[in-house]
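Below is the file run.cif, which contains mmCIF, C-alpha atoms and all ligand atoms.
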data_run
loop_
_atom_site.label_atom_id
_atom_site.label_comp_id
_atom_site.auth_asym_id
_atom_site.auth_seq_id
_atom_site.Cartn_x
_atom_site.Cartn_y
_atom_site.Cartn_z
CA MET B 235 -3.43 13.15 7.63
CA LEU B 236 -0.03 11.51 7.20
CA PRO B 237 1.95 8.80 8.98
CA PRO B 238 4.79 10.32 11.01
CA ASP B 239 8.30 10.13 9.61
CA THR B 240 10.01 6.79 10.24
CA ALA B 241 13.66 6.17 11.06
CA ARG B 242 14.68 6.51 7.39
CA LEU B 243 11.60 7.61 5.47
CA ARG B 244 8.97 10.27 5.14
CA LEU B 245 5.59 10.01 3.46
CA ARG B 246 3.80 12.89 1.76
CA GLU B 247 0.76 13.38 -0.45
CA MET B 248 1.38 12.83 -4.15
CA THR B 249 0.67 15.64 -6.61
CA ARG B 250 0.46 15.83 -10.40
CA ALA B 251 4.09 17.03 -10.33
CA ASP B 252 5.07 13.47 -9.31
CA VAL B 253 4.03 12.04 -12.67
CA ASP B 254 7.60 11.41 -13.92
CA ALA B 255 8.61 9.44 -10.82
CA MET B 256 5.30 7.57 -10.63
CA ALA B 257 5.32 6.74 -14.36
CA ALA B 258 8.85 5.33 -14.00
CA LEU B 259 7.84 3.28 -10.94
CA LEU B 260 4.54 1.92 -12.28
CA GLY B 261 5.95 1.54 -15.80
CA ASP B 262 8.72 -0.79 -14.61
CA PRO B 263 7.84 -4.33 -15.76
CA GLN B 264 9.59 -5.84 -12.72
CA VAL B 265 7.73 -3.68 -10.21
CA MET B 266 4.47 -4.52 -12.02
CA ALA B 267 5.23 -8.22 -12.55
CA HIS B 268 2.17 -9.27 -10.52
CA TYR B 269 -0.21 -6.82 -12.23
CA PRO B 270 -1.89 -7.34 -15.62
CA ALA B 271 0.65 -4.95 -17.25
CA PRO B 272 3.00 -2.06 -16.45
CA LYS B 273 1.19 1.27 -16.43
CA THR B 274 1.50 3.83 -19.21
CA ARG B 275 2.18 7.48 -18.39
CA ASP B 276 -1.55 8.23 -18.72
CA GLU B 277 -2.36 5.38 -16.36
CA ALA B 278 0.22 6.68 -13.88
CA ARG B 279 -1.47 10.07 -14.09
CA ALA B 280 -4.83 8.39 -13.41
CA TRP B 281 -3.25 6.60 -10.41
CA ILE B 282 -2.22 10.01 -9.00
CA ASP B 283 -5.72 11.42 -9.66
CA TRP B 284 -7.29 8.39 -7.91
CA ASN B 285 -5.17 9.18 -4.85
CA LEU B 286 -6.03 12.89 -4.95
CA THR B 287 -9.66 11.73 -4.78
CA ASN B 288 -8.80 9.36 -1.93
CA TYR B 289 -7.23 12.21 0.08
CA ALA B 290 -10.30 14.39 -0.52
CA GLU B 291 -12.82 11.64 0.34
CA HIS B 292 -11.06 9.87 3.21
CA GLY B 293 -8.10 11.99 4.30
CA TYR B 294 -5.72 9.20 3.29
CA GLY B 295 -4.63 7.21 0.25
CA LEU B 296 -1.35 6.03 -1.21
CA TRP B 297 1.42 8.46 -0.33
CA ILE B 298 4.81 9.16 -1.92
CA VAL B 299 7.61 7.54 0.07
CA GLU B 300 10.96 9.34 0.13
CA THR B 301 14.14 8.94 2.07
CA ARG B 302 14.68 11.64 4.64
CA ALA B 303 17.22 13.08 2.18
CA GLY B 304 14.41 13.42 -0.38
CA GLU B 305 15.17 10.51 -2.74
CA PHE B 306 12.05 9.00 -4.33
CA VAL B 307 11.48 5.45 -3.02
CA GLY B 308 7.96 4.58 -4.18
CA ASP B 309 4.44 4.71 -2.78
CA CYS B 310 2.72 3.22 0.23
CA GLY B 311 -0.58 3.86 1.94
CA LEU B 312 -4.17 2.98 2.68
CA THR B 313 -6.98 2.49 0.17
CA TRP B 314 -10.36 0.76 0.12
CA GLN B 315 -10.34 -2.38 -2.00
CA ARG B 316 -12.99 -4.98 -2.75
CA VAL B 317 -12.31 -8.65 -2.13
CA ASP B 318 -15.09 -11.24 -2.39
CA GLY B 319 -17.40 -8.26 -2.92
CA VAL B 320 -16.57 -6.73 0.50
CA ARG B 321 -14.79 -3.35 0.88
CA ARG B 322 -11.77 -3.62 3.12
CA LEU B 323 -9.02 -1.20 4.07
CA GLU B 324 -5.78 -2.25 2.43
CA VAL B 325 -2.15 -1.29 2.88
CA GLY B 326 -0.36 -1.16 -0.49
CA TYR B 327 3.26 -0.55 -1.45
CA HIS B 328 5.58 -0.27 -4.46
CA VAL B 329 9.32 0.30 -4.15
CA ARG B 330 11.69 1.32 -6.98
CA ARG B 331 13.63 -1.68 -8.21
CA GLU B 332 17.00 -0.09 -7.31
CA LEU B 333 15.94 0.42 -3.69
CA GLN B 334 14.28 -2.93 -2.98
CA GLY B 335 15.66 -5.26 -0.31
CA ARG B 336 16.54 -2.51 2.20
CA GLY B 337 13.48 -2.86 4.42
CA TYR B 338 11.84 0.30 3.06
CA ALA B 339 8.45 -1.29 2.23
CA SER B 340 8.22 -2.90 5.67
CA GLU B 341 9.17 0.38 7.38
CA ALA B 342 6.61 2.45 5.44
CA ALA B 343 3.87 -0.20 5.75
CA ALA B 344 4.36 -0.41 9.53
CA ALA B 345 3.83 3.37 9.78
CA CYS B 346 0.63 3.05 7.70
CA ARG B 347 -0.59 0.15 9.89
CA ASP B 348 -0.09 2.29 13.01
CA LEU B 349 -2.02 5.17 11.43
CA ALA B 350 -4.88 2.83 10.42
CA ARG B 351 -5.09 1.36 13.92
CA ASP B 352 -4.38 4.36 16.13
CA VAL B 353 -5.59 7.41 14.18
CA ILE B 354 -8.22 6.15 11.73
CA GLY B 355 -9.51 3.61 14.26
CA ALA B 356 -9.89 0.85 11.69
CA ASP B 357 -11.10 -2.57 12.90
CA GLU B 358 -8.67 -4.34 10.63
CA LEU B 359 -6.18 -3.92 7.81
CA VAL B 360 -5.63 -6.27 4.88
CA ALA B 361 -3.12 -6.83 2.11
CA ILE B 362 -4.52 -8.35 -1.08
CA ILE B 363 -1.69 -10.10 -2.87
CA ALA B 364 -1.12 -12.13 -6.03
CA PRO B 365 -0.38 -15.70 -4.85
CA ALA B 366 3.10 -15.72 -6.45
CA ASN B 367 4.14 -12.37 -4.92
CA VAL B 368 6.39 -13.72 -2.16
CA ALA B 369 8.04 -10.35 -1.41
CA SER B 370 4.70 -8.64 -0.83
CA ARG B 371 3.48 -11.48 1.41
CA ARG B 372 6.69 -11.21 3.43
CA VAL B 373 6.15 -7.45 3.94
CA ALA B 374 2.61 -8.24 5.20
CA GLU B 375 3.98 -10.87 7.59
CA LYS B 376 6.64 -8.49 8.84
CA ILE B 377 3.99 -5.95 9.87
CA GLY B 378 2.11 -8.65 11.77
CA MET B 379 -0.45 -9.91 9.28
CA THR B 380 -1.56 -13.51 8.99
CA ARG B 381 -3.03 -15.36 6.06
CA GLU B 382 -6.79 -15.75 5.60
CA ALA B 383 -8.55 -18.01 3.10
CA ASP B 384 -7.82 -16.98 -0.48
CA GLY B 385 -10.25 -14.49 -2.01
CA VAL B 386 -11.28 -13.12 -5.38
CA GLY B 387 -10.19 -9.55 -6.18
CA ASP B 388 -12.00 -6.95 -8.26
CA GLY B 389 -10.45 -8.14 -11.50
CA GLY B 390 -11.78 -11.68 -10.89
CA ARG B 391 -8.34 -13.05 -10.00
CA THR B 392 -7.66 -15.30 -7.02
CA CYS B 393 -5.61 -13.51 -4.38
CA THR B 394 -3.92 -14.24 -1.10
CA VAL B 395 -5.55 -12.21 1.67
CA MET B 396 -3.34 -11.23 4.61
CA SER B 397 -4.86 -9.36 7.55
CA SER B 398 -4.44 -7.91 11.02
CA LYS B 399 -7.47 -7.55 13.29
CA PHE B 400 -7.18 -4.58 15.62
CA ARG B 401 -10.35 -5.07 17.65
CA PRO B 402 -13.26 -7.50 17.82
CA PRO B 403 -15.92 -7.21 15.08
CA ARG B 404 -18.75 -4.82 16.03
CA GLY B 405 -21.31 -6.47 18.31
CA LEU B 406 -18.72 -8.67 19.99
CA ALA B 407 -17.03 -5.92 22.02
CA PRO B 408 -17.39 -6.43 25.79
CA HIS B 409 -19.98 -4.13 27.44
C1 LIG X 501 6.88 -5.92 -2.36
C2 LIG X 501 7.90 -4.80 -2.33
C3 LIG X 501 7.17 -3.48 -2.12
C4 LIG X 501 8.87 -5.05 -1.17
O1 LIG X 501 9.71 -3.90 -1.07
P1 LIG X 501 11.10 -3.94 -0.28
O2 LIG X 501 11.39 -2.56 0.18
O3 LIG X 501 12.11 -4.64 -1.08
O4 LIG X 501 10.71 -4.84 0.98
P2 LIG X 501 11.58 -5.07 2.27
O5 LIG X 501 13.00 -4.70 1.99
O6 LIG X 501 10.85 -4.39 3.39
O7 LIG X 501 11.58 -6.65 2.39
C5 LIG X 501 10.50 -7.34 2.94
C6 LIG X 501 10.83 -8.81 3.05
O8 LIG X 501 10.60 -9.44 1.78
C7 LIG X 501 11.69 -10.27 1.45
N1 LIG X 501 11.80 -10.33 0.01
C8 LIG X 501 12.03 -9.32 -0.83
N2 LIG X 501 12.03 -9.77 -2.10
C9 LIG X 501 11.78 -11.10 -2.04
C10 LIG X 501 11.67 -12.13 -3.01
N3 LIG X 501 11.74 -11.86 -4.32
N4 LIG X 501 11.41 -13.37 -2.58
C11 LIG X 501 11.31 -13.65 -1.27
N5 LIG X 501 11.40 -12.72 -0.30
C12 LIG X 501 11.63 -11.46 -0.68
C13 LIG X 501 12.86 -9.57 2.10
O9 LIG X 501 13.94 -10.46 2.26
C14 LIG X 501 12.25 -9.13 3.43
O10 LIG X 501 12.15 -10.18 4.35
P3 LIG X 501 13.27 -10.43 5.48
O11 LIG X 501 13.43 -9.14 6.21
O12 LIG X 501 12.67 -11.52 6.28
O13 LIG X 501 14.52 -10.82 4.74
C15 LIG X 501 8.74 -4.72 -3.63
O14 LIG X 501 9.28 -6.00 -3.89
C16 LIG X 501 7.94 -4.25 -4.80
O15 LIG X 501 7.83 -3.05 -5.05
N6 LIG X 501 7.36 -5.19 -5.54
C17 LIG X 501 6.58 -4.83 -6.69
C18 LIG X 501 5.27 -4.13 -6.34
C19 LIG X 501 4.34 -5.06 -5.60
O16 LIG X 501 4.21 -6.22 -5.92
N7 LIG X 501 3.68 -4.48 -4.57
C20 LIG X 501 2.74 -5.21 -3.76
C21 LIG X 501 1.43 -5.34 -4.42
S1 LIG X 501 0.33 -6.35 -3.41
#

As C-alpha cells, please, write out the structure in this file.
Ligand SMILES: CC(C)(COP(=O)(O)OP(=O)(O)OC[C@H]1O[C@@H](n2cnc3c(N)ncnc32)[C@H](O)[C@@H]1OP(=O)(O)O)[C@@H](O)C(=O)NCCC(=O)NCCS
Amino acid sequence: MLPPDTARLRLREMTRADVDAMAALLGDPQVMAHYPAPKTRDEARAWIDWNLTNYAEHGYGLWIVETRAGEFVGDCGLTWQRVDGVRRLEVGYHVRRELQGRGYASEAAAACRDLARDVIGADELVAIIAPANVASRRVAEKIGMTREADGVGDGGRTCTVMSSKFRPPRGLAPH
C-alpha cells in the first residue's frame, strides 16, 4: 500500500537502488543532528533492508518521498517503534537539507496520517522525538498531534511523545 500523491509529492517504496540518495540523506550530520551519529553507507543500506522487511511484514514502512517531477526529497512513513516498552505506530520523516522549510515533511506526514487512520485503521499514531528537535515537533503539531508525557525510547533516551488518537481505546467504544 502507498499514500496517494499529494499536491506536490509522491511516495514510493524504497529499493536497494536508492542507496546513494539514502546514504547522502542519512549521512548528513545536520539531518542526523538528533540521532547518535550520521549513518554510514552500510547503515543506510541496512535502513533500506529494514524497510523492505517492513513492507513484507506490514504492507507499509518508510517510503521514498519525491517531488512530482521526480526529485529526491527524503523519506517518510509508518513504522512500529517501542516507547516505554510499548509498541506504537509512528510516523517518521527526514528531508534533504536543501529542501527543508518548504512544507514537504508536513505534506508527506499528513498523507501518512490519513493512510494510518483511514486505510490501516490504526487507533492512534505517534511521533517519538528528541526533546530539542523543534522542527520535528512542529511537523507533528501541524498534522494534528498533541504532546503526551515524555517517554523513554529504545535506546534509553528520554523523548517527547506526540500523538493523535483516532478512536477510543478498545473496550471503551460505544455498543
Ligand atoms: C523535521 C524535518 C523533517 C522537517 O522537514 P521540513 O520539510 O523542513 O518541514 P516543514 O517545511 O513541513 O516545516 C514544518 C514546520 O517546522 C518549522 N521548522 C522547521 N525548522 C525549524 C527549526 N529549526 N526550528 C523551529 N521550527 C522549525 C517550520 O517553520 C514549519 O512550521 P510553520 O509552518 O509553522 O512555519 C527536517 O527538519 C529534517 O529532516 N530534520 C532532520 C531529521 C529529523 O530530525 N527527523 C525527525 C526525527 S523524529

So how far away is atom C3 of ligand LIG 501 (chain X) from CA of Ala278 (chain B), in Å?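 Between these atoms lies a distance of 17.0 Å.
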
d(atom C5 of ligand LIG 501 (chain X), CA of Arg321 (chain B)) in Å: 25.7 Å

At a cut-off of 10 Å, can you tabulate as JSON lines every residue of region 326-358 of chain B near region 288-297 of chain B together with its closest atom pair and the distance in Å to one decimal, using all atoms listed in the file and ordering rows by chain then number?
{"residue": "B:Gly326", "atom": "CA", "partner": "B:Leu296", "partner_atom": "CA", "distance": 7.3}
{"residue": "B:Tyr327", "atom": "CA", "partner": "B:Leu296", "partner_atom": "CA", "distance": 8.0}
{"residue": "B:His328", "atom": "CA", "partner": "B:Leu296", "partner_atom": "CA", "distance": 9.9}
{"residue": "B:Ala342", "atom": "CA", "partner": "B:Trp297", "partner_atom": "CA", "distance": 9.8}
{"residue": "B:Cys346", "atom": "CA", "partner": "B:Leu296", "partner_atom": "CA", "distance": 9.6}
{"residue": "B:Leu349", "atom": "CA", "partner": "B:Tyr294", "partner_atom": "CA", "distance": 9.8}
{"residue": "B:Ala350", "atom": "CA", "partner": "B:Tyr294", "partner_atom": "CA", "distance": 9.6}
{"residue": "B:Ile354", "atom": "CA", "partner": "B:Tyr294", "partner_atom": "CA", "distance": 9.3}

Two-atom distance - atom O1 of ligand LIG 501 (chain X), CA of Tyr338 (chain B) (Å): 6.3 Å

Please write out, as AutoDock Vina command-line options, where the centre of an axis-aligned box around all listed atoms of ligand LIG 501 (chain X) lies and how long its edges are, in Å to one decimal, after adding 6 Å on each side.
--center_x 7.4 --center_y -8.1 --center_z -0.2 --size_x 26.2 --size_y 23.1 --size_z 25.0

Considering all atoms listed in the file, can you say which of B:Arg275, B:Arg351, B:Arg371, B:Arg331 comes closest to Ser398 (chain B)?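 Comparing B:Arg275, B:Arg351, B:Arg371, B:Arg331 against Ser398 (chain B), the winner is B:Arg351.
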
Give the residue list for ligand LIG 501 (chain X) at 10 Å, counting all atoms listed in the file, as a PyMOL selection string, sorted by chain and then by residue number. chain B and resi 259-260+262-269+307-310+324-344+361-377+393-395

If you count only C-alpha atoms, which residues fall within 9 Å of Pro237 (chain B), apart from same-chain ones fewer than 3 positions away, as a PDB file with C-alpha atoms, in the coordinates of the input?
ATOM      1  CA  THR B 240      10.010   6.790  10.240  1.00  0.00           C
ATOM      2  CA  ARG B 244       8.970  10.270   5.140  1.00  0.00           C
ATOM      3  CA  LEU B 245       5.590  10.010   3.460  1.00  0.00           C
ATOM      4  CA  ARG B 246       3.800  12.890   1.760  1.00  0.00           C
ATOM      5  CA  GLY B 311      -0.580   3.860   1.940  1.00  0.00           C
ATOM      6  CA  ALA B 342       6.610   2.450   5.440  1.00  0.00           C
ATOM      7  CA  ALA B 345       3.830   3.370   9.780  1.00  0.00           C
ATOM      8  CA  CYS B 346       0.630   3.050   7.700  1.00  0.00           C
ATOM      9  CA  ASP B 348      -0.090   2.290  13.010  1.00  0.00           C
ATOM     10  CA  LEU B 349      -2.020   5.170  11.430  1.00  0.00           C
TER      11      LEU B 349
END

Select, from B:Thr249, B:Gln315, B:Thr274, B:Thr301, the residue with the minimum atom-to-atom distance to Gly387 (chain B), counting all atoms listed in the file.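 The answer is B:Gln315, which sits nearest to Gly387 (chain B).
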
Would you kindly identify which residues have an atom no farther than 6 Å from (0.4, 10.8, -5.0), using only C-alpha atoms and the file's own coordinates, and write them out as a PyMOL selection string? chain B and resi 247-249+282+285+297-298

Taking only C-alpha atoms into account, name the residue in B:Ala257, B:Ala356, B:Ala280, B:Leu312 that is nearest to Met235 (chain B). B:Leu312

Name the closest residue to Leu323 (chain B) among the candidates B:Met396, B:Gly389, B:Val299, B:Ala251; distances are taken between atoms, counting all atoms listed in the file. B:Met396

Compile the contact shell of Arg302 (chain B) as a list in words: residues with an atom at most 9 Å away, counting only C-alpha atoms, same-chain residues fewer than 3 positions apart removed.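 Listing them by chain and then by number gives Asp239, Thr240, Ala241, Arg242, Leu243, Arg244 and Glu305 of chain B.
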
Just the selected residues (C-alpha atoms), exported as a JSON list (two decimals), keeping the file's coordinate frame, please.
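See selection.json below for the written result:
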[["chain", "number", "residue", "atom", "x", "y", "z"],
["B", 239, "ASP", "CA", 8.30, 10.13, 9.61],
["B", 240, "THR", "CA", 10.01, 6.79, 10.24],
["B", 241, "ALA", "CA", 13.66, 6.17, 11.06],
["B", 242, "ARG", "CA", 14.68, 6.51, 7.39],
["B", 243, "LEU", "CA", 11.60, 7.61, 5.47],
["B", 244, "ARG", "CA", 8.97, 10.27, 5.14],
["B", 305, "GLU", "CA", 15.17, 10.51, -2.74]]

Which is closer to Phe306 (chain B) than all the others in B:Val253, B:Ala271, B:Glu277, B:Val353, using only C-alpha atoms? B:Val253

Can you sort out region 238-264 of chain B so it carries N, CA, C and O atoms, written as a JSON list (two decimals), in the frame of the given file?
[["chain", "number", "residue", "atom", "x", "y", "z"],
["B", 238, "PRO", "N", 3.59, 9.58, 10.62],
["B", 238, "PRO", "CA", 4.79, 10.32, 11.01],
["B", 238, "PRO", "C", 6.01, 9.78, 10.28],
["B", 238, "PRO", "O", 6.01, 8.64, 9.80],
["B", 239, "ASP", "N", 7.05, 10.60, 10.20],
["B", 239, "ASP", "CA", 8.30, 10.13, 9.61],
["B", 239, "ASP", "C", 8.78, 8.88, 10.35],
["B", 239, "ASP", "O", 8.56, 8.74, 11.56],
["B", 240, "THR", "N", 9.43, 7.98, 9.62],
["B", 240, "THR", "CA", 10.01, 6.79, 10.24],
["B", 240, "THR", "C", 11.51, 7.02, 10.41],
["B", 240, "THR", "O", 12.01, 8.12, 10.12],
["B", 241, "ALA", "N", 12.22, 6.01, 10.83],
["B", 241, "ALA", "CA", 13.66, 6.17, 11.06],
["B", 241, "ALA", "C", 14.37, 6.68, 9.80],
["B", 241, "ALA", "O", 15.23, 7.54, 9.87],
["B", 242, "ARG", "N", 13.96, 6.16, 8.63],
["B", 242, "ARG", "CA", 14.68, 6.51, 7.39],
["B", 242, "ARG", "C", 13.83, 7.20, 6.35],
["B", 242, "ARG", "O", 14.36, 7.66, 5.32],
["B", 243, "LEU", "N", 12.51, 7.23, 6.56],
["B", 243, "LEU", "CA", 11.60, 7.61, 5.47],
["B", 243, "LEU", "C", 10.63, 8.70, 5.90],
["B", 243, "LEU", "O", 10.33, 8.84, 7.09],
["B", 244, "ARG", "N", 10.13, 9.42, 4.89],
["B", 244, "ARG", "CA", 8.97, 10.27, 5.14],
["B", 244, "ARG", "C", 7.95, 10.02, 4.04],
["B", 244, "ARG", "O", 8.31, 9.67, 2.91],
["B", 245, "LEU", "N", 6.69, 10.18, 4.40],
["B", 245, "LEU", "CA", 5.59, 10.01, 3.46],
["B", 245, "LEU", "C", 4.92, 11.37, 3.27],
["B", 245, "LEU", "O", 4.85, 12.17, 4.21],
["B", 246, "ARG", "N", 4.49, 11.62, 2.05],
["B", 246, "ARG", "CA", 3.80, 12.89, 1.76],
["B", 246, "ARG", "C", 2.75, 12.63, 0.69],
["B", 246, "ARG", "O", 2.83, 11.63, -0.04],
["B", 247, "GLU", "N", 1.78, 13.55, 0.58],
["B", 247, "GLU", "CA", 0.76, 13.38, -0.45],
["B", 247, "GLU", "C", 1.39, 13.50, -1.84],
["B", 247, "GLU", "O", 2.30, 14.31, -2.05],
["B", 248, "MET", "N", 0.91, 12.69, -2.78],
["B", 248, "MET", "CA", 1.38, 12.83, -4.15],
["B", 248, "MET", "C", 0.64, 14.00, -4.82],
["B", 248, "MET", "O", -0.46, 14.37, -4.41],
["B", 249, "THR", "N", 1.30, 14.57, -5.83],
["B", 249, "THR", "CA", 0.67, 15.64, -6.61],
["B", 249, "THR", "C", 0.91, 15.32, -8.09],
["B", 249, "THR", "O", 1.72, 14.44, -8.42],
["B", 250, "ARG", "N", 0.27, 16.09, -8.95],
["B", 250, "ARG", "CA", 0.46, 15.83, -10.40],
["B", 250, "ARG", "C", 1.90, 16.05, -10.82],
["B", 250, "ARG", "O", 2.33, 15.53, -11.83],
["B", 251, "ALA", "N", 2.66, 16.81, -10.01],
["B", 251, "ALA", "CA", 4.09, 17.03, -10.33],
["B", 251, "ALA", "C", 4.92, 15.76, -10.13],
["B", 251, "ALA", "O", 6.09, 15.73, -10.54],
["B", 252, "ASP", "N", 4.33, 14.73, -9.52],
["B", 252, "ASP", "CA", 5.07, 13.47, -9.31],
["B", 252, "ASP", "C", 4.93, 12.50, -10.49],
["B", 252, "ASP", "O", 5.34, 11.34, -10.38],
["B", 253, "VAL", "N", 4.35, 12.99, -11.59],
["B", 253, "VAL", "CA", 4.03, 12.04, -12.67],
["B", 253, "VAL", "C", 5.28, 11.35, -13.24],
["B", 253, "VAL", "O", 5.23, 10.16, -13.57],
["B", 254, "ASP", "N", 6.40, 12.06, -13.36],
["B", 254, "ASP", "CA", 7.60, 11.41, -13.92],
["B", 254, "ASP", "C", 8.05, 10.24, -13.04],
["B", 254, "ASP", "O", 8.30, 9.14, -13.53],
["B", 255, "ALA", "N", 8.16, 10.49, -11.74],
["B", 255, "ALA", "CA", 8.61, 9.44, -10.82],
["B", 255, "ALA", "C", 7.60, 8.29, -10.76],
["B", 255, "ALA", "O", 7.99, 7.12, -10.78],
["B", 256, "MET", "N", 6.31, 8.62, -10.73],
["B", 256, "MET", "CA", 5.30, 7.57, -10.63],
["B", 256, "MET", "C", 5.19, 6.77, -11.93],
["B", 256, "MET", "O", 4.97, 5.55, -11.91],
["B", 257, "ALA", "N", 5.37, 7.45, -13.08],
["B", 257, "ALA", "CA", 5.32, 6.74, -14.36],
["B", 257, "ALA", "C", 6.52, 5.79, -14.47],
["B", 257, "ALA", "O", 6.39, 4.68, -15.00],
["B", 258, "ALA", "N", 7.68, 6.22, -13.96],
["B", 258, "ALA", "CA", 8.85, 5.33, -14.00],
["B", 258, "ALA", "C", 8.64, 4.12, -13.09],
["B", 258, "ALA", "O", 8.94, 2.98, -13.45],
["B", 259, "LEU", "N", 8.09, 4.37, -11.90],
["B", 259, "LEU", "CA", 7.84, 3.28, -10.94],
["B", 259, "LEU", "C", 6.81, 2.28, -11.49],
["B", 259, "LEU", "O", 7.08, 1.08, -11.56],
["B", 260, "LEU", "N", 5.65, 2.80, -11.88],
["B", 260, "LEU", "CA", 4.54, 1.92, -12.28],
["B", 260, "LEU", "C", 4.68, 1.44, -13.73],
["B", 260, "LEU", "O", 3.93, 0.57, -14.17],
["B", 261, "GLY", "N", 5.66, 2.00, -14.44],
["B", 261, "GLY", "CA", 5.95, 1.54, -15.80],
["B", 261, "GLY", "C", 7.05, 0.50, -15.84],
["B", 261, "GLY", "O", 7.37, -0.02, -16.92],
["B", 262, "ASP", "N", 7.62, 0.19, -14.67],
["B", 262, "ASP", "CA", 8.72, -0.79, -14.61],
["B", 262, "ASP", "C", 8.13, -2.20, -14.63],
["B", 262, "ASP", "O", 7.39, -2.58, -13.71],
["B", 263, "PRO", "N", 8.45, -3.00, -15.66],
["B", 263, "PRO", "CA", 7.84, -4.33, -15.76],
["B", 263, "PRO", "C", 8.14, -5.22, -14.54],
["B", 263, "PRO", "O", 7.31, -6.06, -14.18],
["B", 264, "GLN", "N", 9.28, -5.01, -13.89],
["B", 264, "GLN", "CA", 9.59, -5.84, -12.72],
["B", 264, "GLN", "C", 8.73, -5.44, -11.52],
["B", 264, "GLN", "O", 8.19, -6.29, -10.82]]
